[in-house]
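**Student:** Can you read through this structure? Questions will come right after.
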Protein chains: 2
Amino acid sequence: MIRIMTQNDFQHFWPTFKEIIEQQETYAFDPDMSQQQAYALWCQKVDNAYVMAEGDEILGSYYLKANAMGPSNHICNCGYMVAPQARGKGVARTLCEHSQSEAIKLGYRAMQFNSVVASNQVAVQLWQRLGYQIIGTIPKAYRHPRLGFVDSHIMYKWLQ
Amino acid sequence: MIRIMTQNDFQHFWPTFKEIIEQQETYAFDPDMSQQQAYALWCQKVDNAYVMAEGDEILGSYYLKANAMGPSNHICNCGYMVAPQARGKGVARTLCEHSQSEAIKLGYRAMQFNSVVASNQVAVQLWQRLGYQIIGTIPKAYRHPRLGFVDSHIMYKWLQ
C-alpha cells in the first residue's frame, strides 16, 4: 500500500534514509544532514512524499516535486529510496510506476531525474526499462567513496 | 566594476529582472513572482549574488550557488541577467568570466547550467565560446510564449 508519508512514517524511515546518504553511492545529498533537515528536504520542500508500507514496516518512499518553475513547471522530479530488507522485490518499480500516475494527476507532463550516478547500474537499467531515457551525462559529477569521480546521467520521460 | 549585490542594488535591478521573467523566453522562473521572492531566489538561496555597475547604473547581475549537495557539491550553478540598455557590450561574457574565477575561489571544480533554452541562441553560442559544452538536451522543457514547447540544453564546464 502506497500512501502520503506522515512525520511519524519519516521517523521510522530515517534509519534507511541515513544509511543511504551515508553510503554516498547514489544521492547527491549531504551525508551529515540531520533528521530534521532530511524531513524538510524529503517531505516539506516537495509536492508530496509517499511511503509504501506493509503493516508497520516501511518498504520504501519517494518524493514528487516540480523540477523547475514558470515555463518549465510541467516537468517534475522524484527521488526513491528502498529499505535494505525490502530490496530485490520490485519496490522501486512499484514506487516509480505510482509516481508516474501521481505526476499526471498533479498535472505534470514529464519527469526528469537530475543525477542518476552512472555506477548505480541497477537504477539506470530499471529506469530505462520503465521508459526513461538518458538525455545527458554530467562528467565527474559525483565523488564516489570507492570509485572516485563518477559521471551522473540525466534521465527523462514524457508522461502519457 | 563587479561586486557583491546589496539589497539596494537588487531594488534598482528589479525592473530588469521583472522584464526578463515576464518575457518567459530564457528563465524557468515563475513570471509572477514578487520582488521579495525574487530577492530570496537570486540573493539569499545562493552563495553570492554579484552586480556589474557603472556609477549608479546596474549593467547586469549573476548568482553563484552549489548545483547539488554532498558528493556533487563540487559543481556550481550560475544565472546571469543583463539590463536591456547594456546588451551587446560584452556584459554577459564579463559576468561569466568573473563567475568562473569566483567559483574556483569558492572551491568549486565545475559549473553546470541546468536549462539554457535552445531558442536563446545568443546565450548558447556565448557559453560555447566560453568553453561550456552541451552535455544533454531536455525535450519540450520550456513553454515559450511564441514558439510553444522548446528544448533546453544542459551545459557544463570543468573549471581549471
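Residue numbering restarts at 1 in every chain; chains get A, B, ... in the order shown in the C-alpha cells, and ligands count up from 1 in that same order.
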Which polymer residues have any atom within 9 Å of an atom of A:Ile75, counting only C-alpha atoms, with same-chain residues fewer than 6 positions away left out, as a list of chain:residue names?

**Tutor:**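 Here the qualifying residues turn out to be A:Lys65, A:Ala66, A:Asn67, A:Ala68, A:Met69, A:Tyr108, A:Arg109, A:Ala110, A:Met111, A:Gln112, A:Trp158, B:Ala141.
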
**Student:** Would you mind exporting the chosen residues as a PDB file, in the first residue's frame, restricted to N, CA and C atoms?

**Tutor:**
```
ATOM      1  N   LYS A  65       8.115  16.427  -6.808  1.00  0.00           N
ATOM      2  CA  LYS A  65       8.115  17.904  -6.784  1.00  0.00           C
ATOM      3  C   LYS A  65       8.365  18.440  -8.185  1.00  0.00           C
ATOM      4  N   ALA A  66       8.102  19.729  -8.379  1.00  0.00           N
ATOM      5  CA  ALA A  66       8.422  20.375  -9.654  1.00  0.00           C
ATOM      6  C   ALA A  66       9.935  20.420  -9.809  1.00  0.00           C
ATOM      7  N   ASN A  67      10.421  20.230 -11.037  1.00  0.00           N
ATOM      8  CA  ASN A  67      11.864  20.295 -11.263  1.00  0.00           C
ATOM      9  C   ASN A  67      12.340  21.700 -11.580  1.00  0.00           C
ATOM     10  N   ALA A  68      11.415  22.575 -11.957  1.00  0.00           N
ATOM     11  CA  ALA A  68      11.752  23.973 -12.233  1.00  0.00           C
ATOM     12  C   ALA A  68      10.458  24.772 -12.146  1.00  0.00           C
ATOM     13  N   MET A  69      10.554  26.060 -12.347  1.00  0.00           N
ATOM     14  CA  MET A  69       9.394  26.938 -12.151  1.00  0.00           C
ATOM     15  C   MET A  69       8.895  27.486 -13.483  1.00  0.00           C
ATOM     16  N   TYR A 108       1.528  17.230 -14.156  1.00  0.00           N
ATOM     17  CA  TYR A 108       2.842  17.239 -14.816  1.00  0.00           C
ATOM     18  C   TYR A 108       2.778  16.491 -16.153  1.00  0.00           C
ATOM     19  N   ARG A 109       3.666  16.876 -17.062  1.00  0.00           N
ATOM     20  CA  ARG A 109       3.706  16.264 -18.387  1.00  0.00           C
ATOM     21  C   ARG A 109       4.952  15.404 -18.599  1.00  0.00           C
ATOM     22  N   ALA A 110       5.972  15.617 -17.774  1.00  0.00           N
ATOM     23  CA  ALA A 110       7.226  14.871 -17.949  1.00  0.00           C
ATOM     24  C   ALA A 110       7.905  14.724 -16.597  1.00  0.00           C
ATOM     25  N   MET A 111       8.823  13.756 -16.507  1.00  0.00           N
ATOM     26  CA  MET A 111       9.584  13.554 -15.269  1.00  0.00           C
ATOM     27  C   MET A 111      11.067  13.513 -15.598  1.00  0.00           C
ATOM     28  N   GLN A 112      11.855  14.177 -14.769  1.00  0.00           N
ATOM     29  CA  GLN A 112      13.301  14.244 -15.007  1.00  0.00           C
ATOM     30  C   GLN A 112      14.048  13.849 -13.744  1.00  0.00           C
ATOM     31  N   TRP A 158       8.721  11.522 -21.035  1.00  0.00           N
ATOM     32  CA  TRP A 158       7.469  12.249 -21.301  1.00  0.00           C
ATOM     33  C   TRP A 158       6.336  11.344 -20.843  1.00  0.00           C
TER      34      TRP A 158
ATOM     35  N   ALA B 141      11.229  21.194 -22.871  1.00  0.00           N
ATOM     36  CA  ALA B 141      11.466  21.583 -21.477  1.00  0.00           C
ATOM     37  C   ALA B 141      10.854  22.918 -21.109  1.00  0.00           C
TER      38      ALA B 141
END
```

**Student:** Set out as JSON lines a contact list for chain B and chain A with a cut-off of 10 Å, giving each residue of chain B that qualifies its closest atom pair and distance in Å to one decimal, counting only C-alpha atoms, ordered by chain and rising residue number.

**Tutor:**
```
{"residue": "B:Ile21", "atom": "CA", "partner": "A:Gly70", "partner_atom": "CA", "distance": 8.7}
{"residue": "B:Glu22", "atom": "CA", "partner": "A:Gly70", "partner_atom": "CA", "distance": 9.8}
{"residue": "B:Gln24", "atom": "CA", "partner": "A:Pro71", "partner_atom": "CA", "distance": 6.7}
{"residue": "B:Glu25", "atom": "CA", "partner": "A:Pro71", "partner_atom": "CA", "distance": 8.5}
{"residue": "B:Thr26", "atom": "CA", "partner": "A:Pro71", "partner_atom": "CA", "distance": 9.1}
{"residue": "B:Tyr27", "atom": "CA", "partner": "A:Pro71", "partner_atom": "CA", "distance": 7.8}
{"residue": "B:Ala28", "atom": "CA", "partner": "A:Met69", "partner_atom": "CA", "distance": 5.1}
{"residue": "B:Phe29", "atom": "CA", "partner": "A:Gly70", "partner_atom": "CA", "distance": 4.7}
{"residue": "B:Asp30", "atom": "CA", "partner": "A:Gly70", "partner_atom": "CA", "distance": 3.9}
{"residue": "B:Pro31", "atom": "CA", "partner": "A:Gly70", "partner_atom": "CA", "distance": 6.1}
{"residue": "B:Asp32", "atom": "CA", "partner": "A:Gly70", "partner_atom": "CA", "distance": 8.5}
{"residue": "B:Met33", "atom": "CA", "partner": "A:Gly70", "partner_atom": "CA", "distance": 9.4}
{"residue": "B:Asn67", "atom": "CA", "partner": "A:Ala28", "partner_atom": "CA", "distance": 9.7}
{"residue": "B:Ala68", "atom": "CA", "partner": "A:Ala28", "partner_atom": "CA", "distance": 6.1}
{"residue": "B:Met69", "atom": "CA", "partner": "A:Phe29", "partner_atom": "CA", "distance": 4.7}
{"residue": "B:Gly70", "atom": "CA", "partner": "A:Asp30", "partner_atom": "CA", "distance": 3.9}
{"residue": "B:Pro71", "atom": "CA", "partner": "A:Arg143", "partner_atom": "CA", "distance": 4.9}
{"residue": "B:Ser72", "atom": "CA", "partner": "A:Tyr142", "partner_atom": "CA", "distance": 4.8}
{"residue": "B:Asn73", "atom": "CA", "partner": "A:Ala28", "partner_atom": "CA", "distance": 7.7}
{"residue": "B:His74", "atom": "CA", "partner": "A:Ala141", "partner_atom": "CA", "distance": 8.0}
{"residue": "B:Ile75", "atom": "CA", "partner": "A:Ala141", "partner_atom": "CA", "distance": 7.2}
{"residue": "B:Arg109", "atom": "CA", "partner": "A:Lys140", "partner_atom": "CA", "distance": 9.6}
{"residue": "B:Ala110", "atom": "CA", "partner": "A:Ala141", "partner_atom": "CA", "distance": 8.7}
{"residue": "B:Gln112", "atom": "CA", "partner": "A:Ile138", "partner_atom": "CA", "distance": 8.6}
{"residue": "B:Asn114", "atom": "CA", "partner": "A:Asn114", "partner_atom": "CA", "distance": 9.0}
{"residue": "B:Ser115", "atom": "CA", "partner": "A:Ala68", "partner_atom": "CA", "distance": 9.2}
{"residue": "B:Ile134", "atom": "CA", "partner": "A:Gly136", "partner_atom": "CA", "distance": 8.7}
{"residue": "B:Ile135", "atom": "CA", "partner": "A:Gly136", "partner_atom": "CA", "distance": 5.4}
{"residue": "B:Gly136", "atom": "CA", "partner": "A:Gly136", "partner_atom": "CA", "distance": 3.8}
{"residue": "B:Thr137", "atom": "CA", "partner": "A:Ile135", "partner_atom": "CA", "distance": 6.1}
{"residue": "B:Ile138", "atom": "CA", "partner": "A:Ile135", "partner_atom": "CA", "distance": 6.6}
{"residue": "B:Pro139", "atom": "CA", "partner": "A:Trp158", "partner_atom": "CA", "distance": 8.4}
{"residue": "B:Lys140", "atom": "CA", "partner": "A:Ser72", "partner_atom": "CA", "distance": 8.8}
{"residue": "B:Ala141", "atom": "CA", "partner": "A:Ser72", "partner_atom": "CA", "distance": 5.7}
{"residue": "B:Tyr142", "atom": "CA", "partner": "A:Ser72", "partner_atom": "CA", "distance": 4.8}
{"residue": "B:Arg143", "atom": "CA", "partner": "A:Pro71", "partner_atom": "CA", "distance": 4.9}
{"residue": "B:His144", "atom": "CA", "partner": "A:Pro71", "partner_atom": "CA", "distance": 7.0}
{"residue": "B:Pro145", "atom": "CA", "partner": "A:Pro71", "partner_atom": "CA", "distance": 8.8}
{"residue": "B:Phe149", "atom": "CA", "partner": "A:Pro71", "partner_atom": "CA", "distance": 9.2}
{"residue": "B:Val150", "atom": "CA", "partner": "A:Ser72", "partner_atom": "CA", "distance": 9.9}
{"residue": "B:Ser152", "atom": "CA", "partner": "A:Ser72", "partner_atom": "CA", "distance": 9.5}
{"residue": "B:His153", "atom": "CA", "partner": "A:Gly136", "partner_atom": "CA", "distance": 9.3}
{"residue": "B:Ile154", "atom": "CA", "partner": "A:Gly136", "partner_atom": "CA", "distance": 7.8}
{"residue": "B:Met155", "atom": "CA", "partner": "A:Ile138", "partner_atom": "CA", "distance": 9.0}
{"residue": "B:Tyr156", "atom": "CA", "partner": "A:Ile138", "partner_atom": "CA", "distance": 7.5}
{"residue": "B:Lys157", "atom": "CA", "partner": "A:Pro139", "partner_atom": "CA", "distance": 9.2}
{"residue": "B:Trp158", "atom": "CA", "partner": "A:Pro139", "partner_atom": "CA", "distance": 8.4}
```

**Student:** Where in stretch 9-150 of chain B does DSSP assign helix (DSSP H, G or I), given as number ranges by chain?

**Tutor:** B: 9-23, 35-44, 70-72, 84-86, 91-105, 121-129

**Student:** List as a list in words the protein and nucleic acid residues near A:Leu95, meaning an atom at most 12 Å away when only C-alpha atoms are counted, but skip any in the same chain fewer than 6 places from it.

**Tutor:**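 Close residues of A:Leu95: Met1, Ile2, Arg3, Ala49, Tyr50, Val51, Met52, Ala53, Leu59, Gly60, Ser61, Tyr62, Tyr63, Leu64, Cys78, Gly79, Tyr80, Met81, Val82, Lys89, Ser101, Glu102, Ala103, Leu126, Trp127 and Leu130 of chain A.
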
**Student:** Report the distance between atom CA of A:Gln11 and atom CA of B:Lys45 in Å, rounded to one decimal place.

**Tutor:**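 Between atom CA of A:Gln11 and atom CA of B:Lys45 the gap works out to 27.2 Å.
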
**Student:** Using backbone DSSP assignments, extract all strand (DSSP E or B) residues from stretch 22-137 of chain B; output them as a PyMOL selection string.

**Tutor:** chain B and resi 48-54+57-66+75-82+110-117+133-137

**Student:** Only N, CA, C and O atoms, please: the residues just picked out, written as a short mmCIF file (atom, residue, chain, number, x, y, z; two decimals), in the first residue's frame.

**Tutor:**
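Writing the result to again-v7.cif gives the following:
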```
data_model
loop_
_atom_site.label_atom_id
_atom_site.label_comp_id
_atom_site.auth_asym_id
_atom_site.auth_seq_id
_atom_site.Cartn_x
_atom_site.Cartn_y
_atom_site.Cartn_z
N ASN B 48 26.56 33.59 -3.37
CA ASN B 48 26.72 35.04 -3.55
C ASN B 48 25.94 35.49 -4.77
O ASN B 48 25.78 34.72 -5.73
N ALA B 49 25.48 36.75 -4.72
CA ALA B 49 24.98 37.40 -5.94
C ALA B 49 25.87 38.63 -6.16
O ALA B 49 26.34 39.25 -5.20
N TYR B 50 26.11 38.93 -7.43
CA TYR B 50 27.03 40.00 -7.81
C TYR B 50 26.32 40.98 -8.74
O TYR B 50 25.39 40.60 -9.47
N VAL B 51 26.79 42.23 -8.74
CA VAL B 51 26.34 43.20 -9.75
C VAL B 51 27.54 43.76 -10.47
O VAL B 51 28.62 43.92 -9.90
N MET B 52 27.31 44.08 -11.75
CA MET B 52 28.28 44.86 -12.51
C MET B 52 27.65 46.23 -12.67
O MET B 52 26.53 46.35 -13.18
N ALA B 53 28.35 47.26 -12.16
CA ALA B 53 27.77 48.60 -12.15
C ALA B 53 28.74 49.60 -12.78
O ALA B 53 29.96 49.38 -12.79
N GLU B 54 28.16 50.66 -13.33
CA GLU B 54 28.96 51.77 -13.86
C GLU B 54 28.33 53.01 -13.25
O GLU B 54 27.23 53.40 -13.67
N GLU B 57 24.48 53.04 -12.45
CA GLU B 57 23.75 52.17 -13.36
C GLU B 57 24.16 50.70 -13.20
O GLU B 57 25.37 50.39 -13.23
N ILE B 58 23.17 49.84 -13.03
CA ILE B 58 23.46 48.41 -12.94
C ILE B 58 23.37 47.81 -14.34
O ILE B 58 22.32 47.85 -14.99
N LEU B 59 24.50 47.27 -14.81
CA LEU B 59 24.55 46.71 -16.17
C LEU B 59 24.09 45.26 -16.19
O LEU B 59 23.53 44.80 -17.18
N GLY B 60 24.37 44.55 -15.10
CA GLY B 60 23.98 43.14 -15.07
C GLY B 60 24.24 42.55 -13.71
O GLY B 60 24.79 43.22 -12.82
N SER B 61 23.83 41.31 -13.57
CA SER B 61 23.96 40.63 -12.28
C SER B 61 24.05 39.13 -12.50
O SER B 61 23.60 38.61 -13.53
N TYR B 62 24.65 38.45 -11.56
CA TYR B 62 24.59 36.98 -11.57
C TYR B 62 24.62 36.44 -10.15
O TYR B 62 25.05 37.13 -9.23
N TYR B 63 24.12 35.20 -10.00
CA TYR B 63 24.23 34.50 -8.72
C TYR B 63 25.14 33.30 -8.92
O TYR B 63 25.28 32.78 -10.05
N LEU B 64 25.68 32.83 -7.83
CA LEU B 64 26.54 31.63 -7.83
C LEU B 64 26.12 30.76 -6.65
O LEU B 64 26.03 31.26 -5.52
N LYS B 65 25.83 29.51 -6.91
CA LYS B 65 25.43 28.59 -5.83
C LYS B 65 25.83 27.16 -6.18
O LYS B 65 26.15 26.87 -7.34
N ALA B 66 25.80 26.29 -5.19
CA ALA B 66 26.03 24.87 -5.44
C ALA B 66 24.88 24.32 -6.27
O ALA B 66 23.72 24.72 -6.08
N ILE B 75 30.19 20.96 -7.95
CA ILE B 75 29.64 21.57 -9.17
C ILE B 75 28.76 22.74 -8.77
O ILE B 75 27.85 22.58 -7.95
N CYS B 76 29.01 23.89 -9.35
CA CYS B 76 28.18 25.05 -9.03
C CYS B 76 27.27 25.39 -10.21
O CYS B 76 27.34 24.77 -11.28
N ASN B 77 26.39 26.33 -9.96
CA ASN B 77 25.42 26.79 -10.95
C ASN B 77 25.37 28.31 -10.87
O ASN B 77 25.46 28.88 -9.79
N CYS B 78 25.25 28.96 -12.03
CA CYS B 78 25.09 30.42 -12.06
C CYS B 78 23.94 30.78 -12.97
O CYS B 78 23.57 30.02 -13.88
N GLY B 79 23.37 31.96 -12.73
CA GLY B 79 22.40 32.56 -13.64
C GLY B 79 22.80 34.01 -13.85
O GLY B 79 23.25 34.66 -12.89
N TYR B 80 22.66 34.49 -15.07
CA TYR B 80 23.12 35.83 -15.44
C TYR B 80 21.95 36.62 -16.03
O TYR B 80 21.14 36.06 -16.78
N MET B 81 21.89 37.92 -15.73
CA MET B 81 20.91 38.79 -16.38
C MET B 81 21.62 40.10 -16.75
O MET B 81 22.42 40.62 -15.95
N VAL B 82 21.33 40.61 -17.94
CA VAL B 82 21.93 41.86 -18.40
C VAL B 82 20.80 42.87 -18.61
O VAL B 82 19.76 42.54 -19.19
N ALA B 110 33.59 22.60 -11.13
CA ALA B 110 32.88 22.59 -12.41
C ALA B 110 31.66 23.50 -12.29
O ALA B 110 31.23 23.84 -11.18
N MET B 111 31.11 23.92 -13.44
CA MET B 111 29.91 24.75 -13.46
C MET B 111 28.90 24.13 -14.43
O MET B 111 29.27 23.68 -15.51
N GLN B 112 27.65 24.11 -13.99
CA GLN B 112 26.59 23.50 -14.81
C GLN B 112 25.42 24.46 -14.95
O GLN B 112 24.99 25.07 -13.98
N PHE B 113 24.91 24.61 -16.18
CA PHE B 113 23.68 25.36 -16.42
C PHE B 113 22.60 24.31 -16.70
O PHE B 113 22.74 23.49 -17.59
N ASN B 114 21.52 24.35 -15.93
CA ASN B 114 20.52 23.28 -15.99
C ASN B 114 19.47 23.46 -17.08
O ASN B 114 18.77 22.52 -17.41
N SER B 115 19.37 24.67 -17.60
CA SER B 115 18.30 24.92 -18.57
C SER B 115 18.63 26.15 -19.41
O SER B 115 18.25 27.27 -19.06
N VAL B 116 19.35 25.93 -20.50
CA VAL B 116 19.60 27.02 -21.45
C VAL B 116 18.61 26.80 -22.60
O VAL B 116 18.76 25.84 -23.38
N VAL B 117 17.60 27.64 -22.68
CA VAL B 117 16.52 27.43 -23.65
C VAL B 117 17.12 27.44 -25.06
O VAL B 117 17.87 28.35 -25.43
N GLN B 133 30.10 23.06 -22.70
CA GLN B 133 29.60 22.09 -23.67
C GLN B 133 28.14 21.74 -23.39
O GLN B 133 27.74 21.67 -22.23
N ILE B 134 27.40 21.50 -24.46
CA ILE B 134 26.05 20.94 -24.30
C ILE B 134 26.23 19.47 -23.96
O ILE B 134 26.70 18.69 -24.78
N ILE B 135 25.86 19.09 -22.74
CA ILE B 135 26.03 17.68 -22.34
C ILE B 135 24.70 16.93 -22.39
O ILE B 135 24.66 15.72 -22.19
N GLY B 136 23.63 17.64 -22.68
CA GLY B 136 22.34 16.98 -22.80
C GLY B 136 21.28 17.99 -23.20
O GLY B 136 21.48 19.20 -23.06
N THR B 137 20.18 17.48 -23.71
CA THR B 137 19.08 18.35 -24.14
C THR B 137 17.78 17.78 -23.60
O THR B 137 17.48 16.60 -23.81
#
```

**Student:** If you measure from atom CA of A:Pro84 to atom CA of A:Thr16, what distance in Å do you get, rounded to one decimal?

**Tutor:**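 Between these atoms lies a distance of 7.1 Å.
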
**Student:** Between A:Ala92, A:Ile4, A:Cys43, A:Leu106, single out the one closest to A:Val122, counting only C-alpha atoms.

**Tutor:**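 With only C-alpha atoms as the atom set, the closest residue is A:Ala92.
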